[in-house]
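Peer 1: One structure, pasted below without further comment.
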Amino acid sequence: MRIQEKDQAYVAGTYARFPVAIVRGEGSEVYDPDGKRYIDLGSGIGVTSFGISDPVWKEAVVAQLDRVQHMSNLYYTDPCAELARMLCLRTGMKKVFFSNSGAEANECAIKAARKYGAEKRGAACHKILTLENSFHGRTLTTLAATGQAHYHELFQPLTPGFIHTPANDIQALRDAMDPASVCALIIECVQGEGGVIAMDADFVKEAARLAKERDILLIIDEVQTGNGRTGELYAYMHYGIQPDAVTTAKGLGGGLPIGACLLGEKVQSVLGFGDHGSTFGGNPIACAGAISILKRLDDNMLSEVKEKSDLIREMLKDKPGIRSVSGLGMMVGIETERKAIDVVKDCIEGGVLCLTAKTKVRLLPALNIPIPVLKEALTVLTEACAKKEN
Ligand SMILES: *Cc1c(COP(=O)(O)O)cnc(C)c1O
């Protein structure tokens, strides 16, 4: 059976896949079974931070594979401890809980916030504010956190206690921030799935100030924006704020499943023995891969991301068929005159893989994509945007 037929016969039909199968790759270039080459501008939705089969990452992973692939969380392993140490040193956060996905990282932050609220101000203090148009995951609780009704409709009842206010509307947020009933506020600094929309700096700063003043926890969802993607290690660093918790996943693992909930001063000790757990959380191989990724996200790499961000935005500016370009760093949203999905399909024809986010074309290239490869892909993309109709 061909890959596509087998998948359609046996894999749950939750994904609208493109008719492309990938069998191997190197960096930002991937190949289908017939040897057709594609330049990957999606990096597995911001996961393969240093591309496919990256030699440095692979060496770190294989070295750990030769030592120990898994231990239960009843025992200590160094990759988990070392990754937590590195994350804390780079962010000023105090403790880390490891999971396997972004949704689970958010679940941890939500549990910590609920317990914090209850201990501080009683059981009524359990509500969590999130923004309209946000995305926080697919579990029943993180779906409830997600501020997009179309994800909710078929799965009622969701976890109660989530309130959504409009993004960039500080008055609405201020009115909703009642410390007696609200324990936390969750923000994506750049809404990814919502259409690659960076939040206004004034809004984020004032939200952080209000949260601090009212002792409402500020949780920043860095699942998509984190790990160098926007040109800072974490996107909140562009805004000069200090969150109480940061959740991340996607690009942290470089391709292996990992999620992390970073807990700041206020919440570092909220979760105690037995309050939370995960069988695979802190897996030594996933952590060894993440350590190698984090080590490479130094100042040089972050400037490289900023340079490539400028290059991408320069190459897309004022091009026919492109209405606007949004986002931050190498997280790019493109509003096109044609339907985004038609642009993406033409890009596939032309050997380039792009993503969509709502009505936009979305790019999340590997951070180390070579400039000539990036330019080649953007030429295909701009031609697809300029095309009149199919
Ligand atoms: C992808 C994403 C999630 C969910 O991550 P999973 O690993 O798919 O569970 C949560 N929040 C944001 C901002 C995301 O982009």
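How things are named: the first chain in the structure tokens is A, the next is B, and so on; residues count from 1 in each chain; ligands count from 1 in the order shown.
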For region 336-338 of chain A, work out the shell of residues within 6 Å, counting only C-alpha atoms and skipping chain neighbours fewer than 3 positions away, then give it as number ranges by chain.
Peer 2: A: 321-323
Peer 1: Applying 9 Å and only C-alpha atoms, which residues near region 377-384 of chain A remain after dropping the ones on its own chain fewer than 5 positions away? List them as a list in words.
Peer 2: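 In the requested format, the answer is Tyr38, Ile39, Asp40, Leu41, Ile312, Met315, Leu316, Lys319, Pro320, Gly321, Ile322, Arg338, Asp342, Val343, Val344, Lys345, Asp346, Cys347, Gly350, Gly351, Val352, Leu353, Cys354 and Pro372 of chain A.
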Peer 1: Let's have the selection written as a compact mmCIF listing (two decimals), in the first residue's frame, with N, CA, C and O atoms.
Peer 2:
```
# COMPACT_ATOMS: atom_id res chain seq x y z
N TYR A 38 11.49 19.52 -1.47
CA TYR A 38 10.69 20.65 -1.00
C TYR A 38 11.55 21.46 -0.02
O TYR A 38 12.28 20.88 0.78
N ILE A 39 11.40 22.77 -0.07
CA ILE A 39 11.99 23.60 0.98
C ILE A 39 10.90 23.77 2.05
O ILE A 39 9.77 24.15 1.75
N ASP A 40 11.28 23.47 3.27
CA ASP A 40 10.31 23.43 4.37
C ASP A 40 10.28 24.77 5.11
O ASP A 40 11.22 25.11 5.83
N LEU A 41 9.21 25.52 4.93
CA LEU A 41 9.07 26.80 5.67
C LEU A 41 8.12 26.66 6.85
O LEU A 41 7.68 27.66 7.43
N ILE A 312 13.05 38.32 5.29
CA ILE A 312 11.74 37.79 4.89
C ILE A 312 10.77 38.95 4.68
O ILE A 312 10.10 39.04 3.65
N MET A 315 11.58 40.93 1.59
CA MET A 315 11.24 40.24 0.34
C MET A 315 9.73 40.16 0.07
O MET A 315 9.31 39.94 -1.05
N LEU A 316 8.94 40.29 1.14
CA LEU A 316 7.48 40.17 0.97
C LEU A 316 6.79 41.53 0.84
O LEU A 316 5.64 41.62 0.42
N LYS A 319 4.69 43.35 -2.35
CA LYS A 319 4.69 42.42 -3.49
C LYS A 319 3.25 42.22 -3.97
O LYS A 319 2.31 42.24 -3.16
N PRO A 320 3.07 42.05 -5.28
CA PRO A 320 1.72 41.86 -5.80
C PRO A 320 1.03 40.67 -5.14
O PRO A 320 1.65 39.61 -4.95
N GLY A 321 -0.21 40.87 -4.76
CA GLY A 321 -0.99 39.79 -4.15
C GLY A 321 -0.80 39.68 -2.65
O GLY A 321 -1.47 38.88 -2.00
N ILE A 322 0.10 40.49 -2.07
CA ILE A 322 0.30 40.45 -0.61
C ILE A 322 -0.25 41.74 0.00
O ILE A 322 0.20 42.83 -0.32
N ARG A 338 -5.23 36.18 -2.82
CA ARG A 338 -5.81 34.87 -3.11
C ARG A 338 -6.11 34.18 -1.78
O ARG A 338 -5.57 34.55 -0.73
N ASP A 342 -4.98 28.24 -1.42
CA ASP A 342 -4.58 28.12 -2.83
C ASP A 342 -3.12 28.50 -3.03
O ASP A 342 -2.42 27.88 -3.83
N VAL A 343 -2.68 29.50 -2.29
CA VAL A 343 -1.26 29.88 -2.34
C VAL A 343 -0.40 28.71 -1.86
O VAL A 343 0.59 28.35 -2.49
N VAL A 344 -0.83 28.10 -0.74
CA VAL A 344 -0.06 26.99 -0.18
C VAL A 344 0.00 25.82 -1.17
O VAL A 344 1.05 25.19 -1.35
N LYS A 345 -1.12 25.54 -1.84
CA LYS A 345 -1.13 24.44 -2.81
C LYS A 345 -0.19 24.71 -3.98
O LYS A 345 0.52 23.82 -4.44
N ASP A 346 -0.17 25.96 -4.46
CA ASP A 346 0.75 26.31 -5.55
C ASP A 346 2.20 26.23 -5.09
O ASP A 346 3.09 25.86 -5.87
N CYS A 347 2.44 26.59 -3.84
CA CYS A 347 3.80 26.48 -3.29
C CYS A 347 4.24 25.01 -3.28
O CYS A 347 5.39 24.71 -3.62
N GLY A 350 5.37 24.07 -6.51
CA GLY A 350 6.67 24.69 -6.77
C GLY A 350 7.77 24.21 -5.83
O GLY A 350 8.88 24.75 -5.85
N GLY A 351 7.46 23.24 -4.95
CA GLY A 351 8.50 22.67 -4.09
C GLY A 351 8.76 23.45 -2.81
O GLY A 351 9.89 23.48 -2.31
N VAL A 352 7.71 24.07 -2.26
CA VAL A 352 7.87 24.80 -0.99
C VAL A 352 6.71 24.44 -0.06
O VAL A 352 5.55 24.45 -0.48
N LEU A 353 7.02 24.13 1.19
CA LEU A 353 5.99 23.81 2.17
C LEU A 353 5.75 25.00 3.09
O LEU A 353 6.68 25.45 3.76
N CYS A 354 4.52 25.53 3.09
CA CYS A 354 4.13 26.64 3.98
C CYS A 354 2.94 26.19 4.82
O CYS A 354 2.29 25.21 4.51
N PRO A 372 20.39 31.47 1.10
CA PRO A 372 20.03 31.18 -0.30
C PRO A 372 18.80 30.28 -0.43
O PRO A 372 17.98 30.47 -1.33
```
Peer 1: Residues within 6 Å of ligand 1, counting only C-alpha atoms and all ligand atoms: report them as a list of chain:residue names.
Peer 2: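 The residues within 6 Å of ligand 1, counting only C-alpha atoms and all ligand atoms, are A:Ser101, A:Gly102, A:Ala103, A:Phe135, A:His136, A:Gly137, A:Gly192, A:Asp221, A:Val223, A:Gln224, A:Lys250.
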Peer 1: What parts of region 270-356 of chain A does DSSP call alpha helix (DSSP H)? I'd like the answer as a PyMOL selection string.
Peer 2: chain A and resi 284-296+299-316+340-349
Peer 1: Enumerate the residues of region 22-209 of chain A with a DSSP assignment of strand (DSSP E or B), computed from the backbone, and present them as a ChimeraX atom specification.
Peer 2: /A:24-27,29-31,37-40,52,95-99,127-131,162-165,182-187,190-191,197-198
Peer 1: Using only C-alpha atoms, what does the table of region 272-360 of chain A residues within 10 Å of region 108-122 of chain A look like, with each row giving the shortest atom pair and its distance in Å to one decimal, sorted by chain and ascending number, as a Markdown table?
Peer 2:
```
| residue | atom | partner | partner_atom | distance |
| --- | --- | --- | --- | --- |
| A:Gly272 | CA | A:Ala112 | CA | 9.9 |
| A:Asp275 | CA | A:Lys111 | CA | 8.7 |
| A:His276 | CA | A:Cys108 | CA | 7.5 |
| A:Gly277 | CA | A:Cys108 | CA | 9.0 |
```
Peer 1: How about saving the chosen residues, N, CA and C atoms kept, as a compact mmCIF listing (two decimals), in the first residue's frame?
Peer 2:
```
# COMPACT_ATOMS: atom_id res chain seq x y z
N GLY A 272 3.07 20.40 44.88
CA GLY A 272 3.89 19.55 45.75
C GLY A 272 3.77 18.09 45.36
N ASP A 275 0.80 16.27 43.40
CA ASP A 275 -0.15 17.22 42.80
C ASP A 275 -0.20 17.12 41.28
N HIS A 276 0.88 16.67 40.69
CA HIS A 276 0.92 16.59 39.22
C HIS A 276 1.98 15.58 38.83
N GLY A 277 1.90 15.09 37.59
CA GLY A 277 2.90 14.12 37.15
C GLY A 277 2.70 13.77 35.70
```
Peer 1: Would you please work out which residue, of A:Gln64, A:Ser181, A:Gln171, A:Ser43, is nearest to Arg362 (chain A) when using only C-alpha atoms?
Peer 2: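 Going through A:Gln64, A:Ser181, A:Gln171, A:Ser43 one by one, the smallest distance to Arg362 (chain A) is for A:Ser43.
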Peer 1: Set the distance at 6 Å and use only C-alpha atoms: which residues neighbour region 156-159 of chain A once local chain neighbours fewer than 6 positions away are removed? I'd like the list as a list of chain:residue names.
Peer 2: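 Counting only the stated atoms, we get A:Leu140, A:Thr141, A:Ala144.
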Peer 1: Looking at A:Glu193, A:Val23, A:Phe98, A:Gln242, which one is nearest to Pro79 (chain A), with distances taken over only C-alpha atoms?
Peer 2: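 Among A:Glu193, A:Val23, A:Phe98, A:Gln242, it is A:Phe98 that comes nearest to Pro79 (chain A).
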Peer 1: For Gly35 (chain A), find every residue with an atom within 12 Å (counting only C-alpha atoms), except residues of its own chain fewer than 6 positions away, and show them as a list in words.
Peer 2: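 The contact residues come out as Val20, Ala21, Ile22, Val23, Arg24, Gly25, Glu29 and Gly351 of chain A.
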Peer 1: Using N, CA and C atoms, can you export the residues from the last selection as a PDB file, in the first residue's frame?
Peer 2:
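Ended up saving to part-v4.pdb:
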```
ATOM      1  N   VAL A  20       1.167  14.951   0.163  1.00  0.00           N
ATOM      2  CA  VAL A  20       2.638  14.929   0.166  1.00  0.00           C
ATOM      3  C   VAL A  20       3.069  13.998   1.283  1.00  0.00           C
ATOM      4  N   ALA A  21       3.985  13.072   0.980  1.00  0.00           N
ATOM      5  CA  ALA A  21       4.595  12.244   2.027  1.00  0.00           C
ATOM      6  C   ALA A  21       6.079  12.581   2.052  1.00  0.00           C
ATOM      7  N   ILE A  22       6.627  12.679   3.228  1.00  0.00           N
ATOM      8  CA  ILE A  22       8.048  13.005   3.360  1.00  0.00           C
ATOM      9  C   ILE A  22       8.766  11.788   3.936  1.00  0.00           C
ATOM     10  N   VAL A  23       9.836  11.380   3.286  1.00  0.00           N
ATOM     11  CA  VAL A  23      10.553  10.190   3.745  1.00  0.00           C
ATOM     12  C   VAL A  23      11.931  10.499   4.317  1.00  0.00           C
ATOM     13  N   ARG A  24      12.498  11.640   3.958  1.00  0.00           N
ATOM     14  CA  ARG A  24      13.799  12.004   4.526  1.00  0.00           C
ATOM     15  C   ARG A  24      14.036  13.497   4.326  1.00  0.00           C
ATOM     16  N   GLY A  25      15.100  13.979   4.956  1.00  0.00           N
ATOM     17  CA  GLY A  25      15.400  15.390   4.789  1.00  0.00           C
ATOM     18  C   GLY A  25      16.752  15.727   5.377  1.00  0.00           C
ATOM     19  N   GLU A  29      15.569  21.135   3.759  1.00  0.00           N
ATOM     20  CA  GLU A  29      15.177  20.496   2.503  1.00  0.00           C
ATOM     21  C   GLU A  29      14.703  19.078   2.792  1.00  0.00           C
ATOM     22  N   GLY A 351       7.465  23.236  -4.950  1.00  0.00           N
ATOM     23  CA  GLY A 351       8.499  22.669  -4.086  1.00  0.00           C
ATOM     24  C   GLY A 351       8.757  23.446  -2.813  1.00  0.00           C
TER      25      GLY A 351
END
```
Peer 1: With distances taken over only C-alpha atoms, which residue among A:Ile52, A:Ala167, A:Leu367, A:Ala12 lies nearest Phe203 (chain A)?
Peer 2: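 Checking each candidate against Phe203 (chain A), we get A:Ala167 as the closest.
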